[in-house]
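Printed here is input_35.pdb (PDB, C-alpha atoms):
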ATOM      1  CA  MET A 970      17.008 -14.402   3.213
ATOM      2  CA  ALA A 971      19.542 -13.913   0.462
ATOM      3  CA  ASP A 972      23.177 -14.344   1.403
ATOM      4  CA  ASP A 973      23.878 -10.651   0.907
ATOM      5  CA  GLY A 974      20.975  -9.567   3.134
ATOM      6  CA  THR A 975      18.662  -8.512   0.320
ATOM      7  CA  ALA A 976      15.099  -9.657  -0.170
ATOM      8  CA  MET A 977      15.706 -10.969  -3.682
ATOM      9  CA  ARG A 978      18.683 -12.163  -5.681
ATOM     10  CA  ARG A 979      17.948 -11.206  -9.283
ATOM     11  CA  PHE A 980      16.998  -7.545  -8.933
ATOM     12  CA  GLU A 981      18.276  -4.786  -6.722
ATOM     13  CA  THR A 982      16.128  -4.382  -3.642
ATOM     14  CA  PRO A 983      15.227  -0.692  -3.262
ATOM     15  CA  ASP A 984      16.033   1.158  -0.063
ATOM     16  CA  VAL A 985      12.803   1.673   1.847
ATOM     17  CA  GLU A 986      13.786   5.283   2.572
ATOM     18  CA  ASP A 987      13.803   6.011  -1.171
ATOM     19  CA  LEU A 988      10.282   4.678  -1.801
ATOM     20  CA  PRO A 989       7.085   6.694  -2.203
ATOM     21  CA  GLU A 990       5.408   7.508   1.097
ATOM     22  CA  ASP A 991       2.466   5.119   0.632
ATOM     23  CA  LEU A 992       4.829   2.182   0.090
ATOM     24  CA  ARG A 993       6.944   3.169   3.096
ATOM     25  CA  ASP A 994       3.778   3.374   5.201
ATOM     26  CA  ARG A 995       2.584  -0.077   4.106
ATOM     27  CA  ILE A 996       5.994  -1.629   4.736
ATOM     28  CA  GLU A 997       6.160  -0.007   8.171
ATOM     29  CA  GLU A 998       2.651  -1.278   8.971
ATOM     30  CA  GLU A 999       3.607  -4.838   7.994
ATOM     31  CA  THR A1000       6.890  -4.623   9.898
ATOM     32  CA  ASP A1001       5.042  -3.505  13.031
ATOM     33  CA  ARG A1002       2.483  -6.298  12.632
ATOM     34  CA  ALA A1003       5.020  -9.087  12.007
ATOM     35  CA  GLY A1004       7.938  -7.854  14.086
ATOM     36  CA  PHE A1005      10.137  -8.008  10.964
ATOM     37  CA  THR A1006       9.805  -6.897   7.347
ATOM     38  CA  PRO A1007       8.571  -9.768   5.159
ATOM     39  CA  ASN A1008      10.837  -9.824   2.103
ATOM     40  CA  ILE A1009       7.918  -9.707  -0.328
ATOM     41  CA  PHE A1010       7.350  -6.039   0.557
ATOM     42  CA  PRO A1011      10.775  -4.570  -0.247
ATOM     43  CA  ALA A1012      11.101  -6.951  -3.216
ATOM     44  CA  LEU A1013       7.846  -5.886  -4.866
ATOM     45  CA  SER A1014       8.630  -2.240  -4.189
ATOM     46  CA  TYR A1015      11.076  -2.573  -7.109
ATOM     47  CA  ARG A1016       8.079  -1.507  -9.213
ATOM     48  CA  PRO A1017       5.895   0.779  -7.045
ATOM     49  CA  SER A1018       2.832   0.681  -9.315
ATOM     50  CA  HIS A1019       2.973  -3.120  -9.332
ATOM     51  CA  PHE A1020       3.385  -3.170  -5.537
ATOM     52  CA  ARG A1021       0.200  -1.111  -5.161
ATOM     53  CA  ALA A1022      -1.818  -3.295  -7.539
ATOM     54  CA  PHE A1023      -0.498  -6.542  -6.062
ATOM     55  CA  PHE A1024      -1.283  -5.655  -2.479
ATOM     56  CA  ALA A1025      -4.641  -4.092  -3.324
ATOM     57  CA  TYR A1026      -5.723  -7.381  -4.907
ATOM     58  CA  HIS A1027      -4.149  -9.413  -2.101
ATOM     59  CA  ASP A1028      -6.049  -7.376   0.478
ATOM     60  CA  ALA A1029      -9.327  -7.825  -1.387
ATOM     61  CA  LEU A1030      -8.758 -11.591  -1.519
ATOM     62  CA  VAL A1031      -8.206 -11.923   2.223
ATOM     63  CA  GLU A1032     -10.627  -9.261   3.461
ATOM     64  CA  GLU A1033     -13.633  -9.510   1.120
ATOM     65  CA  THR A1034     -14.150 -13.250   0.901
ATOM     66  CA  GLU A1035     -16.478 -16.139   1.625
ATOM     67  CA  LEU A1036     -13.479 -18.115   2.906
ATOM     68  CA  GLU A1037     -11.960 -18.365   6.353
ATOM     69  CA  ARG A1038      -8.361 -17.186   6.647
ATOM     70  CA  GLU A1039      -7.238 -20.759   7.371
ATOM     71  CA  GLU A1040      -8.801 -21.838   4.054
ATOM     72  CA  ILE A1041      -7.022 -19.046   2.188
ATOM     73  CA  GLU A1042      -3.691 -20.109   3.645
ATOM     74  CA  LEU A1043      -4.424 -23.774   2.827
ATOM     75  CA  ILE A1044      -4.933 -22.805  -0.811
ATOM     76  CA  ILE A1045      -1.804 -20.663  -0.900
ATOM     77  CA  VAL A1046       0.387 -23.387   0.587
ATOM     78  CA  ALA A1047      -1.019 -26.117  -1.684
ATOM     79  CA  VAL A1048      -0.605 -24.032  -4.842
ATOM     80  CA  SER A1049       2.837 -22.828  -3.780
ATOM     81  CA  GLY A1050       3.905 -26.404  -3.089
ATOM     82  CA  VAL A1051       2.833 -27.461  -6.574
ATOM     83  CA  ASN A1052       4.776 -24.506  -7.984
ATOM     84  CA  ASP A1053       7.883 -25.192  -5.855
ATOM     85  CA  CYS A1054       7.765 -21.647  -4.504
ATOM     86  CA  LEU A1055      10.048 -21.573  -1.489
ATOM     87  CA  TYR A1056       9.092 -18.049  -0.419
ATOM     88  CA  CYS A1057       5.345 -18.671  -0.373
ATOM     89  CA  VAL A1058       5.552 -22.177   1.109
ATOM     90  CA  VAL A1059       7.676 -20.879   3.990
ATOM     91  CA  ALA A1060       5.914 -17.537   4.561
ATOM     92  CA  HIS A1061       2.350 -18.764   4.113
ATOM     93  CA  GLY A1062       3.192 -22.050   5.772
ATOM     94  CA  ALA A1063       3.884 -19.999   8.893
ATOM     95  CA  LEU A1064       0.528 -18.243   8.532
ATOM     96  CA  LEU A1065      -1.246 -21.566   7.983
ATOM     97  CA  ARG A1066       0.308 -23.000  11.134
ATOM     98  CA  ILE A1067      -0.908 -19.940  13.054
ATOM     99  CA  TYR A1068      -4.448 -19.723  11.627
ATOM    100  CA  ALA A1069      -5.039 -23.488  11.768
ATOM    101  CA  ASP A1070      -3.247 -23.880  15.098
ATOM    102  CA  ALA A1071      -1.560 -26.920  13.565
ATOM    103  CA  PRO A1072       2.259 -26.937  13.670
ATOM    104  CA  GLN A1073       2.720 -29.762  11.113
ATOM    105  CA  LEU A1074      -0.031 -28.940   8.644
ATOM    106  CA  ALA A1075       1.898 -26.641   6.308
ATOM    107  CA  GLU A1076       4.504 -29.239   5.391
ATOM    108  CA  GLN A1077       1.771 -31.840   4.813
ATOM    109  CA  VAL A1078      -0.176 -29.545   2.496
ATOM    110  CA  ALA A1079       2.878 -28.256   0.624
ATOM    111  CA  THR A1080       4.171 -31.755   0.002
ATOM    112  CA  ASN A1081       0.912 -33.531  -0.873
ATOM    113  CA  HIS A1082      -2.421 -32.080   0.187
ATOM    114  CA  ARG A1083      -4.114 -35.421  -0.605
ATOM    115  CA  THR A1084      -2.414 -37.044   2.402
ATOM    116  CA  ALA A1085      -2.641 -34.041   4.751
ATOM    117  CA  ASP A1086      -4.640 -34.105   7.965
ATOM    118  CA  ILE A1087      -7.573 -32.083   6.599
ATOM    119  CA  ASN A1088     -11.301 -32.715   6.305
ATOM    120  CA  GLU A1089     -13.119 -33.779   3.132
ATOM    121  CA  THR A1090     -14.349 -30.253   2.454
ATOM    122  CA  HIS A1091     -10.870 -28.764   2.553
ATOM    123  CA  ALA A1092      -9.488 -31.668   0.513
ATOM    124  CA  ALA A1093     -12.022 -30.947  -2.242
ATOM    125  CA  MET A1094     -11.211 -27.237  -2.095
ATOM    126  CA  LEU A1095      -7.502 -27.992  -2.505
ATOM    127  CA  ASP A1096      -8.178 -30.517  -5.285
ATOM    128  CA  PHE A1097      -9.933 -27.699  -7.147
ATOM    129  CA  ALA A1098      -7.152 -25.153  -6.485
ATOM    130  CA  VAL A1099      -4.431 -27.586  -7.545
ATOM    131  CA  LYS A1100      -6.340 -28.622 -10.667
ATOM    132  CA  LEU A1101      -6.725 -24.947 -11.575
ATOM    133  CA  THR A1102      -2.963 -24.598 -11.082
ATOM    134  CA  GLU A1103      -1.823 -27.686 -12.961
ATOM    135  CA  SER A1104      -4.394 -28.017 -15.738
ATOM    136  CA  PRO A1105      -6.901 -25.181 -15.726
ATOM    137  CA  GLU A1106      -8.426 -26.277 -19.008
ATOM    138  CA  ARG A1107      -9.729 -29.396 -17.245
ATOM    139  CA  ILE A1108     -11.944 -27.470 -14.803
ATOM    140  CA  ASP A1109     -15.536 -28.440 -15.585
ATOM    141  CA  GLN A1110     -19.039 -28.507 -14.147
ATOM    142  CA  ARG A1111     -18.289 -31.601 -12.041
ATOM    143  CA  ASP A1112     -15.662 -29.636 -10.128
ATOM    144  CA  PHE A1113     -18.252 -26.993  -9.287
ATOM    145  CA  GLU A1114     -20.854 -29.583  -8.353
ATOM    146  CA  ARG A1115     -18.474 -31.349  -5.964
ATOM    147  CA  LEU A1116     -17.703 -28.118  -4.116
ATOM    148  CA  GLU A1117     -21.368 -27.112  -4.041
ATOM    149  CA  GLU A1118     -22.312 -30.511  -2.581
ATOM    150  CA  LEU A1119     -19.844 -29.808   0.223
ATOM    151  CA  GLY A1120     -21.425 -26.426   0.965
ATOM    152  CA  TYR A1121     -19.419 -23.984  -1.130
ATOM    153  CA  SER A1122     -21.428 -21.211  -2.750
ATOM    154  CA  ARG A1123     -20.589 -19.940  -6.236
ATOM    155  CA  ARG A1124     -19.022 -16.873  -4.600
ATOM    156  CA  ALA A1125     -16.858 -19.099  -2.405
ATOM    157  CA  ILE A1126     -15.789 -21.126  -5.454
ATOM    158  CA  TRP A1127     -14.865 -17.865  -7.174
ATOM    159  CA  ASP A1128     -12.799 -16.959  -4.107
ATOM    160  CA  VAL A1129     -11.034 -20.345  -4.098
ATOM    161  CA  GLY A1130     -10.159 -19.872  -7.768
ATOM    162  CA  SER A1131      -9.114 -16.264  -7.289
ATOM    163  CA  VAL A1132      -6.739 -17.105  -4.440
ATOM    164  CA  ALA A1133      -5.250 -19.974  -6.463
ATOM    165  CA  ALA A1134      -4.846 -17.789  -9.554
ATOM    166  CA  PHE A1135      -3.338 -14.883  -7.633
ATOM    167  CA  PHE A1136      -0.804 -17.088  -5.915
ATOM    168  CA  ASN A1137       0.159 -18.700  -9.193
ATOM    169  CA  LEU A1138       1.100 -15.148 -10.197
ATOM    170  CA  SER A1139       2.805 -14.516  -6.868
ATOM    171  CA  ASN A1140       4.777 -17.775  -7.109
ATOM    172  CA  ARG A1141       6.024 -16.839 -10.539
ATOM    173  CA  LEU A1142       7.120 -13.388  -9.383
ATOM    174  CA  ALA A1143       8.945 -14.960  -6.436
ATOM    175  CA  HIS A1144      10.736 -17.316  -8.852
ATOM    176  CA  LEU A1145      11.508 -14.486 -11.285
ATOM    177  CA  ALA A1146      13.130 -12.346  -8.621
ATOM    178  CA  ASP A1147      14.378 -15.228  -6.451
ATOM    179  CA  ILE A1148      12.687 -13.740  -3.403
ATOM    180  CA  ARG A1149      14.009 -15.449  -0.304
ATOM    181  CA  PRO A1150      11.967 -16.251   2.801
ATOM    182  CA  ASN A1151      12.848 -14.441   5.983
ATOM    183  CA  GLU A1152      14.477 -16.651   8.611
ATOM    184  CA  GLU A1153      11.741 -15.622  11.063
ATOM    185  CA  PHE A1154       9.051 -17.435   9.057
ATOM    186  CA  TYR A1155      10.603 -20.855   9.624
ATOM    187  CA  ASP A1156       9.807 -20.910  13.346
ATOM    188  CA  LEU A1157       6.452 -19.125  13.443
ATOM    189  CA  GLY A1158       3.511 -21.203  14.620
ATOM    190  CA  ARG A1159       5.620 -24.134  15.808
TER     191      ARG A1159
END

If you took the structure in this file and wrote it as structure tokens, what would it be?
Amino acid sequence: MADDGTAMRRFETPDVEDLPEDLRDRIEEETDRAGFTPNIFPALSYRPSHFRAFFAYHDALVEETELEREEIELIIVAVSGVNDCLYCVVAHGALLRIYADAPQLAEQVATNHRTADINETHAAMLDFAVKLTESPERIDQRDFERLEELGYSRRAIWDVGSVAAFFNLSNRLAHLADIRPNEEFYDLGR
């Protein structure tokens, strides 16, 4: 968390009480679920219309998908590691540890997914997500064929790419605003 107790350092974090009712309700729901308010929620409430669009797309990515939640979190942590996004590595690293039931996996994936303790299928998925992050113009038919050979459908490949693309956006917003991870995330799933 930021030294002054705010969710982000470069913009003023709005008071939750001053937000539109739908944003207050969503923040309250997330606070009840987590036991604390993840900083991404008050930070993104700086622009309420953007908050709504961001979380609507986020929810679609995690709820209407061909991927398991562990796979989604693997992608997020790998992409966020490549992008040096402290907030997302820490926050989604906690979720990865929980969904994968693997207390050391997040650090492995964030640092270098190629040496992480994951199976060949997940390694290929992360190779694709990282390639899309680092050099999207290099994605070609061979990338699709490799994932299809490992059992990914075209819809699943779309979902892998969509999660990677969305979290490239999320990482950049976190950098823009200097959104800080909550202290609580560091110990979750250990």

**OP:** May I ask which of the residues A:Leu1013, A:Arg1115, A:Gly1004, A:Gly1130 is the closest one to Thr982 in chain A, counting all atoms listed in the file?
**Re:**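 Using all atoms listed in the file, the shortest distance to Thr982 in chain A belongs to A:Leu1013.
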
Original post:
With distances taken over only C-alpha atoms, which of A:Leu1116, A:Ile1067, A:Ala1143, A:Ala1092 is nearest to Leu1055 in chain A?
Top reply: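 Under the stated criterion, the closest residue is A:Ala1143.
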
**OP:** Could you tell me which residues the PyMOL selection byres ((chain A and resi 1019-1030) around 8) returns for this structure, as a PyMOL selection string?
**Re:** chain A and resi 992+1010+1013-1018+1031-1034+1128+1131-1132+1135

Output the selection as an mmCIF file, in the frame of the given file - C-alpha atoms for each residue.
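Result file follows (part_10.cif):
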data_model
loop_
_atom_site.group_PDB
_atom_site.id
_atom_site.type_symbol
_atom_site.label_atom_id
_atom_site.label_comp_id
_atom_site.auth_asym_id
_atom_site.auth_seq_id
_atom_site.Cartn_x
_atom_site.Cartn_y
_atom_site.Cartn_z
ATOM 1 C CA LEU A 992 4.829 2.182 0.090
ATOM 2 C CA PHE A 1010 7.350 -6.039 0.557
ATOM 3 C CA LEU A 1013 7.846 -5.886 -4.866
ATOM 4 C CA SER A 1014 8.630 -2.240 -4.189
ATOM 5 C CA TYR A 1015 11.076 -2.573 -7.109
ATOM 6 C CA ARG A 1016 8.079 -1.507 -9.213
ATOM 7 C CA PRO A 1017 5.895 0.779 -7.045
ATOM 8 C CA SER A 1018 2.832 0.681 -9.315
ATOM 9 C CA VAL A 1031 -8.206 -11.923 2.223
ATOM 10 C CA GLU A 1032 -10.627 -9.261 3.461
ATOM 11 C CA GLU A 1033 -13.633 -9.510 1.120
ATOM 12 C CA THR A 1034 -14.150 -13.250 0.901
ATOM 13 C CA ASP A 1128 -12.799 -16.959 -4.107
ATOM 14 C CA SER A 1131 -9.114 -16.264 -7.289
ATOM 15 C CA VAL A 1132 -6.739 -17.105 -4.440
ATOM 16 C CA PHE A 1135 -3.338 -14.883 -7.633
#

Subject >> Atom pair CA of Arg1159 in chain A / CA of Val1058 in chain A: separation (Å) >> reply: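 CA of Arg1159 in chain A sits 14.8 Å away from CA of Val1058 in chain A.
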
Original post:
In Å to one decimal, how far is CA of Gly1158 in chain A from CA of Met1094 in chain A?
Top reply: 23.1 Å

**OP:** Report the residues retrieved by the PyMOL selection byres ((chain A and resi 1060) around 12) from the displayed file, expressed as a ChimeraX atom specification.
**Re:** /A:970,1003,1006-1009,1042,1045-1046,1049-1050,1054-1059,1061-1067,1075-1076,1079,1140,1143,1148-1158

Resulting file, chosen residues, C-alpha atoms, as an mmCIF file, keeping the file's coordinate frame:
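Output below, filename result.cif:
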data_model
loop_
_atom_site.group_PDB
_atom_site.id
_atom_site.type_symbol
_atom_site.label_atom_id
_atom_site.label_comp_id
_atom_site.auth_asym_id
_atom_site.auth_seq_id
_atom_site.Cartn_x
_atom_site.Cartn_y
_atom_site.Cartn_z
ATOM 1 C CA MET A 970 17.008 -14.402 3.213
ATOM 2 C CA ALA A 1003 5.020 -9.087 12.007
ATOM 3 C CA THR A 1006 9.805 -6.897 7.347
ATOM 4 C CA PRO A 1007 8.571 -9.768 5.159
ATOM 5 C CA ASN A 1008 10.837 -9.824 2.103
ATOM 6 C CA ILE A 1009 7.918 -9.707 -0.328
ATOM 7 C CA GLU A 1042 -3.691 -20.109 3.645
ATOM 8 C CA ILE A 1045 -1.804 -20.663 -0.900
ATOM 9 C CA VAL A 1046 0.387 -23.387 0.587
ATOM 10 C CA SER A 1049 2.837 -22.828 -3.780
ATOM 11 C CA GLY A 1050 3.905 -26.404 -3.089
ATOM 12 C CA CYS A 1054 7.765 -21.647 -4.504
ATOM 13 C CA LEU A 1055 10.048 -21.573 -1.489
ATOM 14 C CA TYR A 1056 9.092 -18.049 -0.419
ATOM 15 C CA CYS A 1057 5.345 -18.671 -0.373
ATOM 16 C CA VAL A 1058 5.552 -22.177 1.109
ATOM 17 C CA VAL A 1059 7.676 -20.879 3.990
ATOM 18 C CA HIS A 1061 2.350 -18.764 4.113
ATOM 19 C CA GLY A 1062 3.192 -22.050 5.772
ATOM 20 C CA ALA A 1063 3.884 -19.999 8.893
ATOM 21 C CA LEU A 1064 0.528 -18.243 8.532
ATOM 22 C CA LEU A 1065 -1.246 -21.566 7.983
ATOM 23 C CA ARG A 1066 0.308 -23.000 11.134
ATOM 24 C CA ILE A 1067 -0.908 -19.940 13.054
ATOM 25 C CA ALA A 1075 1.898 -26.641 6.308
ATOM 26 C CA GLU A 1076 4.504 -29.239 5.391
ATOM 27 C CA ALA A 1079 2.878 -28.256 0.624
ATOM 28 C CA ASN A 1140 4.777 -17.775 -7.109
ATOM 29 C CA ALA A 1143 8.945 -14.960 -6.436
ATOM 30 C CA ILE A 1148 12.687 -13.740 -3.403
ATOM 31 C CA ARG A 1149 14.009 -15.449 -0.304
ATOM 32 C CA PRO A 1150 11.967 -16.251 2.801
ATOM 33 C CA ASN A 1151 12.848 -14.441 5.983
ATOM 34 C CA GLU A 1152 14.477 -16.651 8.611
ATOM 35 C CA GLU A 1153 11.741 -15.622 11.063
ATOM 36 C CA PHE A 1154 9.051 -17.435 9.057
ATOM 37 C CA TYR A 1155 10.603 -20.855 9.624
ATOM 38 C CA ASP A 1156 9.807 -20.910 13.346
ATOM 39 C CA LEU A 1157 6.452 -19.125 13.443
ATOM 40 C CA GLY A 1158 3.511 -21.203 14.620
#

Original post:
Residues picked by the PyMOL selection byres ((chain A and resi 1124-1127) around 12) here, as a PyMOL selection string?
Top reply: chain A and resi 1030+1033-1037+1040-1041+1044+1093-1095+1097-1098+1101+1108+1110+1112-1123+1128-1135

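When all atoms listed in the file are used to compute distances to Arg1038 in chain A, the closest of the residues A:Asp1070, A:Asp1096, A:Glu1103, A:Asp1109 turns out to be A:Asp1070.
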
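Distances to Thr1102 in chain A were evaluated for A:Val1078, A:Tyr1068, A:Ala1047, A:His1144 using all atoms listed in the file, and the minimum falls at A:Ala1047.
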